[in-house]
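S.K.: Sharing a structure below in structure tokens format, with a few things to ask.
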Amino acid sequence: MDAATAEVFDAFVRARHSALLRYGTALTGDPHSAADLVQDALERTGLAWSRVQQQGDPEGYVRRVMANRNISTWRKLRRERLTDAPPERVHEDRPTDDVLWDVLATLPRRQRTVLVLRYYEDLSEAEIARVLGIAPGTVKSQASKGIAALRAAIGKRERLWS
Amino acid sequence: MELEDQLRQVLLERPVPDVPGDPVAAVHAGMRRRVRRKRLQYVGAAAGVLALWGGALAVLHTGPTATQPQVPVHTVVNVPNGFQIRDLTFVSTTRGYGIGTVPCATGRCTELLQTDTGTQEWEQAITPVVPVGDVSQVRFAQDTGGDEIGYAFGPAYVVFKDGAWHREATWLPVEALEAARAGTVVRVLARPHGGHVVQQSTVGSSDWKTVLDVLAPTYHALLRRQGQRIALVTFDNNQGVTSEDDVSDVRLSTDGGTTWTKAAHNPCDAHSYFRSLSLGRGTSMLVLCAHRAGGSFVRVSDDNGATFGSPLDLPRELDATQVSAPAGGGWLVAGGRAVLSSTDRGRTWKRVAVEEGLDEQAPGFLDNSNATTVWWVGADPRYVWRSTDAGATWSVARFR
């Protein structure tokens with residue numbers, strides 16, 4: 001990478017790193033995994049930077065890599081960092097944000113990724129299908145299953161605490 | 001609050017982790033580690049198998065003495081001062097166009113040069129030079145009236161018609177464009193979130209029709225043409241969707257881009273990655289692949305890409321990056337400072353063009369269109385080798 005190209009790439013990394021970390025945290029449910037995921041995606045992007053820049057949407061490229069790497073077998077080999085369940089909770093009419101977050105982290109990776117792309121990135125089903133390379137019907141079913149799993153898990157926790 | 005709304009709120013408002021250290025330095029360090037790992041794989045593999053290729057090396061270096069690598073005689077090409085060439089295309093064995101930039105009042109402007117003598121003499125195709133946007137590639141085609149229409153793209157999009165530029169778009173994500181002999185032209189656009197769209201038009205028209213929609217998360221696409229046949233190669237890093245990595249798909253049109261059929265999926269294999277493709281004579285197709293462990297190979301299809309033969313390994317010391325199957329016969333591969341030729345379907349190779357004064361990793365490009373094979377290598381200066389007899393003899397021009 002020559003100096004001029006590196007300068008553009010470095011400026012991109014500095015400008016978008018925080019936003020990518022937020023996105024990575026939403027994808028992985030874990031700040032440490034998010035940092036690893038962002039680092040991995042940026043390294044891959046940097047090595048293909050001239051081609052990525054030509055396509056005109058470097059951030060979109062990085063986010064696609066992150067979404068797909070999060071589901072990949074490589075990610076599955078890393079140890080999951082489980083958060084402890086809170087010792088006691090006051091019952092509320094709706095689940096707390098922390099409960100929702102914890103339950104989200106327990107979903108299968110593909111379901112979680114679909115939900116993040118849908119509710120964090122605000123992508124349509126067709127767009128999610130293109131990012132992940134799956135059929136739109138699969139996106140729909142994964143999103144439905146993810147929401148249903150969230151409801152079921154939250155309901156179960158509430159029954160445990162009541 | 002609905003669960004979906006709460007989910008959206010939770011995702012958007014989650015605190016961002018504080019990552020210590022300089023992210024830029026960390027990314028660069030990681031990139032260097034990846035490059036070193038790859039180089040170590042090549043070195044280790046090369047050291048272990050060089051002995052096995054002793055026979056091939058003997059052919060490469062001392063082989064039939066009837067032909068020796070051509071010693072380049074660089075012509076001084078008559079171009080405007082400060083011209084930096086970006087792309088070159090030939091519409092016949094002697095007529096071609098080169099696109100690049102020259103200094104102008106606004107910084108650098110796009111300059112289009114034309115030649116009727118191969119690469120020997122050039123003249124400006126448009127004067128005066130005016131800013132038309134940033135373009136990096138050019139292709140030409142004839143319309144039904146016999147006029148030559150030029151398409152310059154990447155990332156701006158301008159059309160050369162009636163001796164002038166017509167600016168179509170300041171930015172259009174055209175990744176590839178090729179003209180087919182039937183008076184049609186095909187272009188490939190990248191979708192913003194992955195995937196590509198293939199469009200077709202008649203030469204000179206601004207009406208485009210979508211003929212193929214690639215919905216997979218492809219990140220790059222290229223086209224190769226030979227007569228009415230056009231091959232589309234799309235690249236898909238496919239991270240995690242299947243067990244494959246860095247896969248490529250080949251699609252072929254035999255009617256100038258109107259209809260497409262899926263040819264091979266990943267014509268290389270799970271332990272290699274795609275580098276280059278060329279359409280040869282008849283229904284033949286040649287792909288160049290690189291082993292992840294080092295070295296490269298070609299595979300040939302004689303049924304328009306439906307099936308490919310066994311890998312044919314190339315000499316180990318050649319980091320081949322480009323392949324060409326000239327209409328005149330034989331195969332050519334380029335890598336680093338040299339072009340190698342085979343006339344026995346890859347059994348033996350001999351060096352036919354060498355630029356000794358370049359860095360081993362000099363960027364190069366090899367293509368054959370309109371019965372002209374062009375190999376260019378180097379950046380500044382850039383050397384353009386041109387052959388009209390499938391690589392047997394070459395003329396060489398030096399830009400800057």
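Scheme for the structure tokens: letters A, B, ... for chains in order shown; per-chain residue numbers from 1; ligand numbers from 1 in order shown.
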Compute the chain B side of the contact with chain A at 7 Å, counting only C-alpha atoms, and hand it back as a list of chain:residue names.
M.R.: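 Taken together, these residues fit the definition: B:Arg8, B:Val10, B:Leu11, B:Leu12, B:Val16, B:Pro17, B:Val24, B:Val27, B:Gly30, B:Met31, B:Pro155, B:Pro173, B:Ala190, B:Pro192, B:His193, B:Gly194, B:Gly195, B:Leu215, B:Ala216, B:Pro217, B:Gln239, B:Gly240, B:Val241.
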S.K.: Rounded to one decimal, what separation in Å do you get between atom CA of B:Thr101 and atom CA of B:Arg382?
M.R.: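 Separation of atom CA of B:Thr101 and atom CA of B:Arg382: 13.8 Å.
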